[in-house]
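K.L.:
Take a look at the following structure, please.
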Amino acid sequence: MKNIFTLALCMMTVILVHAQNPLTVKTASYNFTISAPASTMAAEQFGQLDLTAGSVYHIEVSKGMANAVAAKKAELAKNAQYNFKAYITDTPEGFLYSTTLGTVHFFYAKKVGDKILVFEDFKTAHYTQAQEQAMFDSAKSAK
């Protein structure tokens with residue numbers, strides 16, 4: 001019975017993360033639309049925007065530079081604190097990567113309007129690969 005409950009809870013989490021709706025974000029610094037879970041809240045503080053939906057979805061959005069993806073890859077390669085292991089998905093705009101600690105993270109940069117926006121997961125939380133993929137897909141949908 002315990003295994004059935006655990007499986008049901010995991011399936012609900014996947015459904016909550018993958019059920020995406022358009023979310024329009026308009027703050028003093030940001031103006032874009034992104035596909036996100038229906039319960040997503042947006043809050044800006046000190047120039048960074050946090051998009052959160054419960055404990056399964058947390059994207060940090062900031063303003064970036066034209067070479068943001070290359071710079072992040074270089075940072076991952078030279079800084080041991082990231083425990084970088086391998087790229088799971090690698091595109092010109094961003095990537096999902098695994099760590100030697102068994103965690104998965106994502107980084108995505110996209111020009112939206114006249115600004116380059118950088119999307120990353122909240123690093124101190126541990127998300128499944130499916131949850132990270134859903135957040136990565138959300139970032140790709142920004143316009």
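Chain labels follow the order of the structure tokens: the first chain is A, the next B, and so on; residue numbering restarts at 1 in every chain, and ligands are counted from 1 in their shown order.
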Write out as a PyMOL selection string the set of residues from chain A that DSSP, computed on the backbone, places in strand (DSSP E or B).

P.N.:
chain A and resi 20-26+31-37+41-45+48-53+57-63+84-91+94-99+104-112+115-121

K.L.:
Name all residues at most 9 Å from A:Glu60 (count only C-alpha atoms; drop same-chain ones fewer than 5 positions away) and give them as a PDB file with N, CA and C atoms, in the first residue's frame.

P.N.:
```pdb
ATOM      1  N   GLN A  48      16.129  40.241  -9.609  1.00  0.00           N
ATOM      2  CA  GLN A  48      15.941  38.828  -9.970  1.00  0.00           C
ATOM      3  C   GLN A  48      14.474  38.475  -9.808  1.00  0.00           C
ATOM      4  N   LEU A  49      13.983  37.683 -10.753  1.00  0.00           N
ATOM      5  CA  LEU A  49      12.591  37.255 -10.726  1.00  0.00           C
ATOM      6  C   LEU A  49      12.537  35.782 -10.358  1.00  0.00           C
ATOM      7  N   ASP A  50      11.696  35.429  -9.411  1.00  0.00           N
ATOM      8  CA  ASP A  50      11.486  34.034  -9.030  1.00  0.00           C
ATOM      9  C   ASP A  50      10.106  33.605  -9.478  1.00  0.00           C
ATOM     10  N   LEU A  51      10.054  32.496 -10.212  1.00  0.00           N
ATOM     11  CA  LEU A  51       8.795  31.874 -10.612  1.00  0.00           C
ATOM     12  C   LEU A  51       8.685  30.576  -9.830  1.00  0.00           C
ATOM     13  N   THR A  52       7.671  30.458  -8.986  1.00  0.00           N
ATOM     14  CA  THR A  52       7.549  29.274  -8.138  1.00  0.00           C
ATOM     15  C   THR A  52       6.144  28.696  -8.190  1.00  0.00           C
ATOM     16  N   VAL A 118      17.984  35.168 -18.648  1.00  0.00           N
ATOM     17  CA  VAL A 118      18.637  33.924 -18.231  1.00  0.00           C
ATOM     18  C   VAL A 118      17.699  33.220 -17.264  1.00  0.00           C
ATOM     19  N   PHE A 119      17.465  31.937 -17.527  1.00  0.00           N
ATOM     20  CA  PHE A 119      16.587  31.102 -16.713  1.00  0.00           C
ATOM     21  C   PHE A 119      17.419  29.978 -16.098  1.00  0.00           C
ATOM     22  N   GLU A 120      17.306  29.803 -14.788  1.00  0.00           N
ATOM     23  CA  GLU A 120      18.004  28.726 -14.090  1.00  0.00           C
ATOM     24  C   GLU A 120      17.091  28.160 -13.017  1.00  0.00           C
ATOM     25  N   ASP A 121      17.356  26.908 -12.642  1.00  0.00           N
ATOM     26  CA  ASP A 121      16.616  26.336 -11.527  1.00  0.00           C
ATOM     27  C   ASP A 121      17.184  26.875 -10.216  1.00  0.00           C
ATOM     28  N   PHE A 122      16.414  26.731  -9.158  1.00  0.00           N
ATOM     29  CA  PHE A 122      16.836  27.113  -7.814  1.00  0.00           C
ATOM     30  C   PHE A 122      17.805  26.046  -7.326  1.00  0.00           C
TER      31      PHE A 122
END
```

K.L.:
Would you return as a PyMOL selection string the members of chain A that DSSP assigns to alpha helix (DSSP H) on this structure's backbone?

P.N.:
chain A and resi 2-18+68-78+129-140

K.L.:
Which of these, A:Leu96, A:Ala134, A:Ala142, A:Val61, has the shortest distance to A:Gln20 once you count only C-alpha atoms?

P.N.:
A:Ala134

K.L.:
So that I can check the surroundings of A:Asn67, please list as a list in words every protein, DNA and RNA residue that reaches within 10 Å of it, counting only C-alpha atoms and ignoring chain neighbours fewer than 2 positions away.

P.N.:
Gly64, Met65, Val69, Ala70, Ala71, Lys72, Glu93, Ala109 and Ile116 of chain A

K.L.:
Of the candidates A:Gln81, A:Thr33, A:Met135, A:Lys143, which shows the shortest atom-to-atom distance to A:Gly113, using only C-alpha atoms?

P.N.:
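Result for the nearest residue to A:Gly113: A:Lys143.
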
K.L.:
Give me, as a PDB file with C-alpha atoms, in the first residue's frame, all polymer residues having an atom no more than 12 Å from A:Thr91, counting only C-alpha atoms and skipping those fewer than 4 positions away in the same chain.

P.N.:
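Once written, part.pdb looks like this:
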```
ATOM      1  CA  VAL A  69      25.470  30.177 -22.387  1.00  0.00           C
ATOM      2  CA  ALA A  70      29.166  30.020 -23.312  1.00  0.00           C
ATOM      3  CA  LYS A  73      29.621  26.410 -19.695  1.00  0.00           C
ATOM      4  CA  TYR A  87      25.325  17.442 -20.479  1.00  0.00           C
ATOM      5  CA  PHE A  95      21.355  22.914 -21.484  1.00  0.00           C
ATOM      6  CA  LEU A  96      20.372  20.365 -18.852  1.00  0.00           C
ATOM      7  CA  TYR A  97      23.312  18.864 -16.994  1.00  0.00           C
ATOM      8  CA  PHE A 106      19.377  23.582 -16.220  1.00  0.00           C
ATOM      9  CA  PHE A 107      20.500  26.887 -17.710  1.00  0.00           C
ATOM     10  CA  TYR A 108      18.781  28.691 -20.583  1.00  0.00           C
ATOM     11  CA  ALA A 109      19.279  32.143 -22.126  1.00  0.00           C
ATOM     12  CA  LYS A 110      16.924  33.708 -24.640  1.00  0.00           C
ATOM     13  CA  PHE A 136      13.759  23.878 -19.102  1.00  0.00           C
ATOM     14  CA  LYS A 140      12.201  27.744 -23.909  1.00  0.00           C
TER      15      LYS A 140
END
```

K.L.:
Mind checking which residues fall within 12 Å of A:Tyr57, counting only C-alpha atoms, ignoring those fewer than 4 positions away in the same chain, and posting them as JSON, numbers by chain?

P.N.:
{"A": [13, 14, 16, 17, 18, 19, 20, 36, 37, 38, 39, 40, 41, 42, 50, 51, 52, 53, 120, 121, 122, 123, 125, 126, 127, 128, 129, 130, 131, 132, 133, 134, 135, 136, 137, 138, 139]}

K.L.:
So how many Å separate atom CA of A:Pro92 and atom CA of A:Ala74, to one decimal?

P.N.:
14.0 Å

K.L.:
Counting only C-alpha atoms, which residue out of A:Val25, A:Leu117, A:Leu101, A:Ala43 sits closest to A:Ala80?

P.N.:
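Using only C-alpha atoms, the shortest distance to A:Ala80 belongs to A:Leu101.
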
K.L.:
So what do you get for atom CA of A:Gln45 versus atom CA of A:Pro22, distance-wise?

P.N.:
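Value for the atom CA of A:Gln45-atom CA of A:Pro22 distance: 22.1 Å.
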